[in-house]
Amino acid sequence: MRTIGVVTSGGDAPGMNAAIRAIVRVAQAHGIAVIGFERGWEGLIYDNVMSLTPRSVSGIIQQGGTILRTSRNKEFMTDEGMQKASVTLANNKVDGLIVIGGDGSFRAAHEFSKKTDTRIAGIPATIDNDVYGTDETIGFDTAVNTGVTEIDKIRDTATSLDRVFIVEVMGRTRGFLAAMIGLTVGAEIILVPEVKFQPEEVCDTILKNSAAGKKSGIIVAAEGIGDTHALAKEIQEHTRIETRLSVLGYAQRGGHPTARSRFLASVFGKAAVEFLADGKENLIAALQHGKVTGISFDESCCKSKELDLRLLKLARELSK
Ligand SMILES: Nc1ncnc2c1ncn2[C@@H]1O[C@H](COP(=O)(O)OP(=O)(O)O)[C@@H](O)[C@H]1O
Ligand SMILES: O=P(O)(O)OC[C@H]1O[C@](O)(COP(=O)(O)O)[C@@H](O)[C@@H]1O
Ligand SMILES: [Mg+2]
């Protein structure tokens, strides 16, 4: 293994830069050079490369986003796109590729490795935490903390005006972010796509809480549950309690990575380089019960990670 290529793909996640830094510095210790491909798979298709050295990754451990930039790319999903990418890797004498991204990037990497025999290692980085096989992804903890900071502020105004708020958080089709944010802000209600709910039950809980003396209500809703605007309207009409919607949006994807996100980036970066250096192909660095390990792309891509529903139950118990 002489040269490793690195790409960040899909939605950016705080801590991606810390992972790039770790890869470059661990590779250096193994005598391996690193080059970066810019803007996700696009950089592999169009041969946009950036040399990465231990000095060029100085001062990025604390930066959100990704210095390699990223993209969502349709062309890579075609045979032709993958062939072009394979030629780029050969032209740059890349012996192994590290993909830093989420579930979509890993499905792409899996296809790519099957079609072109490319040696790949994965590093899970997405605020959604929706990668099977790892308890946590880089960026998740940062996005949780960003959500918590914002919702604590919303609680102040909600309590002052006896209001209910629906706060919509990201997560695509999954409820990992909503569940963790909801539990840790003391939300009265958490709505996730994994659990069907009836608006009447939500109204019922709000009315019971109000009768018990609660001055505000926070509903943390995952974006995947559907139309939160319509839900806020329905709650207000049924309960006669002023109900507002606040969509947290893209701020959840940015900002300085937390220590936790930087830690995961550092240990995953080291693991991914070592997988390739040791000839262990097509593994994703993963955290399982506090230990760093590897899970195959094959397994991760065909399984769906379960949401721990006990988080929702605990949040309900604690918000009475
Ligand atoms: N099934 C697939 N086959 C080939 N390429 C894919 C597939 N799914 C995703 N990709 C590629 O990976 C990119 C990143 O995936 P996406 O789902 O957008 O983000 P993330 O990796 O953060 O989940 C997509 O824009 C696309 O180029
Ligand atoms: O940036 P876009 O294309 O608007 O996509 C928004 C989506 O990206 C995310 O922020 C991150 O998702 P991915 O990690 O799958 O890219 C989701 O939570 C959100 O649904
Ligand atoms: Mg994803």
# chains A, B, ... in the order shown; residues from 1 in each chain; ligands from 1

$ residues_near_ligand --ligand "ligand 2" --cutoff "7 Å" --atoms "only C-alpha atoms and all ligand atoms" --output "JSON, numbers by chain"
{"A": [10, 11, 12, 101, 102, 103, 104, 126, 127, 128, 170, 171, 172, 250, 253]}

$ write_last_selection --atoms "C-alpha atoms" --output "compact mmCIF listing (two decimals), in the first residue's frame"
# COMPACT_ATOMS: atom_id res chain seq x y z
CA GLY A 10 -23.06 12.82 0.84
CA GLY A 11 -24.13 15.25 3.56
CA ASP A 12 -21.23 16.82 5.43
CA GLY A 101 -19.76 9.28 4.47
CA GLY A 102 -23.15 7.88 5.38
CA ASP A 103 -25.34 4.96 4.33
CA GLY A 104 -25.72 6.18 0.73
CA THR A 126 -23.39 11.45 9.08
CA ILE A 127 -25.47 13.45 11.53
CA ASP A 128 -28.29 10.93 10.97
CA MET A 170 -33.17 16.25 10.68
CA GLY A 171 -32.54 12.54 10.32
CA ARG A 172 -33.91 11.78 6.86
CA TYR A 250 -29.13 23.05 8.26
CA ARG A 253 -25.06 19.99 9.99

$ select_by_dssp --residues "stretch 19-260 of chain A" --states "strand (DSSP E)" --output "PyMOL selection string"
chain A and resi 33-37+49-52+96-101+120-124+164-169+189-191+217-222+243-247

$ closest_residue --among "A:Ala121, A:Leu177, A:Leu311, A:Leu245" --to "A:Glu274" --atoms "only C-alpha atoms"
A:Ala121

$ residues_near_ligand --ligand "ligand 1" --cutoff "9 Å" --atoms "only C-alpha atoms and all ligand atoms" --output "NGL selection string"
:A and (8-13 or 40-42 or 70-78 or 82 or 100-112 or 124-128 or 130-131)

$ atom_distance --atom1 "atom CA of A:Asn282" --atom2 "atom CA of A:Gly122"
7.4 Å

$ atom_distance --atom1 "atom CA of A:Gly147" --atom2 "atom CA of A:Gly249"
9.7 Å

$ residues_around --residues "A:Phe268" --least-positions-apart "3" --cutoff "12 Å" --atoms "only C-alpha atoms" --output "MDAnalysis selection string"
chainID A and resid 15:16 18:23 26 98:100 121:125 134 136:138 261:265 271:275 283:287 291:294

$ residues_around --residues "stretch 151-155 of chain A" --least-positions-apart "6" --cutoff "8 Å" --atoms "only C-alpha atoms" --output "PyMOL selection string"
chain A and resi 165+167+185+216+218

$ closest_residue --among "A:Val169, A:Cys301, A:Lys115, A:Ser56" --to "ligand 3" --atoms "only C-alpha atoms and all ligand atoms"
A:Cys301

$ residues_around --residues "A:Ala90" --least-positions-apart "5" --cutoff "12 Å" --atoms "only C-alpha atoms" --output "ChimeraX atom specification"
/A:3-5,44-45,47,83-85,95-97,116-118

$ closest_residue --among "A:Arg174, A:Arg2, A:His289, A:Lys93" --to "ligand 3" --atoms "only C-alpha atoms and all ligand atoms"
A:Arg174

$ residues_around --residues "A:Lys313" --least-positions-apart "6" --cutoff "12 Å" --atoms "only C-alpha atoms" --output "JSON, numbers by chain"
{"A": [179, 180, 182, 183, 187, 188, 189, 190, 191, 195, 319, 320]}

$ write_last_selection --atoms "C-alpha atoms" --output "PDB file, in the first residue's frame"
ATOM      1  CA  ALA A 179     -34.864  10.413  19.976  1.00  0.00           C
ATOM      2  CA  MET A 180     -31.549  11.535  21.502  1.00  0.00           C
ATOM      3  CA  GLY A 182     -35.840  14.685  22.639  1.00  0.00           C
ATOM      4  CA  LEU A 183     -34.631  12.708  25.651  1.00  0.00           C
ATOM      5  CA  ALA A 187     -39.280  16.832  25.495  1.00  0.00           C
ATOM      6  CA  GLU A 188     -42.820  15.923  26.481  1.00  0.00           C
ATOM      7  CA  ILE A 189     -43.359  14.142  23.159  1.00  0.00           C
ATOM      8  CA  ILE A 190     -40.968  12.632  20.615  1.00  0.00           C
ATOM      9  CA  LEU A 191     -42.243  11.722  17.166  1.00  0.00           C
ATOM     10  CA  VAL A 195     -43.369   4.606  15.536  1.00  0.00           C
ATOM     11  CA  SER A 319     -41.300  14.306  31.258  1.00  0.00           C
ATOM     12  CA  LYS A 320     -44.408  13.626  33.348  1.00  0.00           C
TER      13      LYS A 320
END

$ select_by_dssp --residues "stretch 29-270 of chain A" --states "helix (DSSP H, G or I)" --output "mmCIF file with C-alpha atoms, in the first residue's frame"
data_model
loop_
_atom_site.group_PDB
_atom_site.id
_atom_site.type_symbol
_atom_site.label_atom_id
_atom_site.label_comp_id
_atom_site.auth_asym_id
_atom_site.auth_seq_id
_atom_site.Cartn_x
_atom_site.Cartn_y
_atom_site.Cartn_z
ATOM 1 C CA ALA A 29 3.486 6.677 10.156
ATOM 2 C CA TRP A 41 -17.607 11.007 -6.141
ATOM 3 C CA GLU A 42 -17.440 13.918 -8.598
ATOM 4 C CA GLY A 43 -13.718 14.268 -7.792
ATOM 5 C CA LEU A 44 -13.123 10.639 -8.720
ATOM 6 C CA ILE A 45 -15.050 10.962 -11.964
ATOM 7 C CA GLU A 75 -23.334 10.126 -12.419
ATOM 8 C CA PHE A 76 -21.501 7.844 -9.995
ATOM 9 C CA MET A 77 -24.637 5.707 -9.817
ATOM 10 C CA ASP A 79 -21.618 2.019 -14.786
ATOM 11 C CA GLU A 80 -19.988 4.705 -16.901
ATOM 12 C CA GLY A 81 -19.413 6.963 -13.874
ATOM 13 C CA MET A 82 -17.850 4.123 -11.916
ATOM 14 C CA GLN A 83 -15.588 3.212 -14.835
ATOM 15 C CA LYS A 84 -14.352 6.803 -15.070
ATOM 16 C CA ALA A 85 -13.676 6.798 -11.332
ATOM 17 C CA SER A 86 -11.739 3.566 -11.634
ATOM 18 C CA VAL A 87 -9.549 5.064 -14.379
ATOM 19 C CA THR A 88 -8.867 8.110 -12.156
ATOM 20 C CA LEU A 89 -7.736 5.855 -9.323
ATOM 21 C CA ALA A 90 -5.400 3.957 -11.663
ATOM 22 C CA ASN A 91 -3.984 7.211 -13.127
ATOM 23 C CA ASP A 103 -25.336 4.961 4.334
ATOM 24 C CA GLY A 104 -25.720 6.185 0.734
ATOM 25 C CA SER A 105 -21.986 6.628 0.273
ATOM 26 C CA PHE A 106 -21.417 3.123 1.599
ATOM 27 C CA ARG A 107 -23.965 1.608 -0.792
ATOM 28 C CA ALA A 108 -22.097 3.416 -3.569
ATOM 29 C CA ALA A 109 -18.710 2.215 -2.290
ATOM 30 C CA HIS A 110 -19.983 -1.355 -2.052
ATOM 31 C CA GLU A 111 -21.206 -1.308 -5.671
ATOM 32 C CA PHE A 112 -17.972 0.319 -6.796
ATOM 33 C CA SER A 113 -15.772 -2.263 -5.100
ATOM 34 C CA LYS A 114 -17.784 -5.120 -6.624
ATOM 35 C CA LYS A 115 -17.679 -3.630 -10.123
ATOM 36 C CA THR A 116 -14.052 -2.460 -10.186
ATOM 37 C CA PHE A 140 -24.108 12.670 15.390
ATOM 38 C CA ASP A 141 -23.048 13.911 18.821
ATOM 39 C CA THR A 142 -22.346 17.406 17.467
ATOM 40 C CA ALA A 143 -25.770 17.602 15.802
ATOM 41 C CA VAL A 144 -27.414 16.368 19.020
ATOM 42 C CA ASN A 145 -25.663 19.099 21.004
ATOM 43 C CA THR A 146 -26.591 21.762 18.445
ATOM 44 C CA GLY A 147 -30.220 20.649 18.682
ATOM 45 C CA VAL A 148 -30.146 20.676 22.476
ATOM 46 C CA THR A 149 -28.658 24.185 22.625
ATOM 47 C CA GLU A 150 -31.370 25.537 20.319
ATOM 48 C CA ILE A 151 -34.273 23.775 22.001
ATOM 49 C CA ASP A 152 -33.188 24.956 25.461
ATOM 50 C CA LYS A 153 -33.706 28.473 24.091
ATOM 51 C CA ILE A 154 -37.060 27.563 22.625
ATOM 52 C CA ARG A 155 -38.135 26.204 26.031
ATOM 53 C CA ASP A 156 -37.559 29.668 27.558
ATOM 54 C CA THR A 157 -39.944 31.387 25.205
ATOM 55 C CA ALA A 158 -42.437 28.503 25.255
ATOM 56 C CA THR A 159 -42.682 28.654 29.056
ATOM 57 C CA SER A 160 -42.991 32.442 29.094
ATOM 58 C CA PHE A 176 -31.991 8.636 15.868
ATOM 59 C CA LEU A 177 -31.420 12.389 16.143
ATOM 60 C CA ALA A 178 -34.968 13.115 17.302
ATOM 61 C CA ALA A 179 -34.864 10.413 19.976
ATOM 62 C CA MET A 180 -31.549 11.535 21.502
ATOM 63 C CA ILE A 181 -32.331 15.242 21.280
ATOM 64 C CA GLY A 182 -35.840 14.685 22.639
ATOM 65 C CA LEU A 183 -34.631 12.708 25.651
ATOM 66 C CA THR A 184 -31.908 15.206 26.508
ATOM 67 C CA VAL A 185 -34.025 18.370 26.255
ATOM 68 C CA PRO A 199 -52.508 13.327 16.363
ATOM 69 C CA GLU A 200 -55.333 12.790 18.898
ATOM 70 C CA GLU A 201 -52.937 11.016 21.278
ATOM 71 C CA VAL A 202 -50.492 13.913 20.975
ATOM 72 C CA CYS A 203 -53.288 16.394 21.820
ATOM 73 C CA ASP A 204 -54.365 14.230 24.711
ATOM 74 C CA THR A 205 -50.870 14.252 26.243
ATOM 75 C CA ILE A 206 -50.602 18.018 25.829
ATOM 76 C CA LEU A 207 -53.954 18.600 27.529
ATOM 77 C CA LYS A 208 -53.077 16.230 30.392
ATOM 78 C CA ASN A 209 -49.741 17.996 30.897
ATOM 79 C CA SER A 210 -51.437 21.366 30.899
ATOM 80 C CA ALA A 211 -53.995 20.163 33.456
ATOM 81 C CA GLU A 223 -38.327 15.365 9.637
ATOM 82 C CA GLY A 224 -39.310 11.896 8.415
ATOM 83 C CA ILE A 225 -42.717 11.932 10.139
ATOM 84 C CA THR A 228 -45.097 19.157 10.848
ATOM 85 C CA HIS A 229 -46.715 22.435 9.793
ATOM 86 C CA ALA A 230 -50.096 20.733 9.384
ATOM 87 C CA LEU A 231 -49.573 18.912 12.675
ATOM 88 C CA ALA A 232 -48.925 22.174 14.566
ATOM 89 C CA LYS A 233 -52.138 23.609 13.129
ATOM 90 C CA GLU A 234 -54.113 20.521 14.088
ATOM 91 C CA ILE A 235 -52.745 20.547 17.662
ATOM 92 C CA GLN A 236 -53.630 24.202 18.124
ATOM 93 C CA GLU A 237 -57.154 23.674 16.802
ATOM 94 C CA HIS A 238 -57.809 20.660 19.029
ATOM 95 C CA THR A 239 -56.147 21.827 22.256
ATOM 96 C CA GLY A 249 -32.678 22.948 9.550
ATOM 97 C CA TYR A 250 -29.135 23.048 8.257
ATOM 98 C CA ALA A 251 -27.509 24.589 11.350
ATOM 99 C CA GLN A 252 -27.585 20.997 12.638
ATOM 100 C CA ARG A 253 -25.055 19.986 9.994
ATOM 101 C CA ALA A 259 -14.933 16.275 21.553
ATOM 102 C CA ARG A 260 -16.950 13.089 21.033
ATOM 103 C CA SER A 261 -17.165 13.582 17.251
ATOM 104 C CA ARG A 262 -13.419 14.372 17.123
ATOM 105 C CA PHE A 263 -12.645 11.267 19.167
ATOM 106 C CA LEU A 264 -14.638 9.004 16.851
ATOM 107 C CA ALA A 265 -13.021 10.645 13.825
ATOM 108 C CA SER A 266 -9.573 9.987 15.269
ATOM 109 C CA VAL A 267 -10.106 6.324 16.119
ATOM 110 C CA PHE A 268 -12.046 5.579 12.915
ATOM 111 C CA GLY A 269 -9.361 7.326 10.831
ATOM 112 C CA LYS A 270 -6.668 5.150 12.379
#

$ atom_distance --atom1 "atom CA of A:Glu38" --atom2 "atom CA of A:Val94"
14.8 Å

$ closest_residue --among "A:Ile32, A:Phe197, A:His256, A:Cys302" --to "A:Pro14" --atoms "only C-alpha atoms"
A:His256

$ closest_residue --among "A:Thr173, A:Arg244, A:Pro193, A:Ile219" --to "ligand 3" --atoms "only C-alpha atoms and all ligand atoms"
A:Thr173
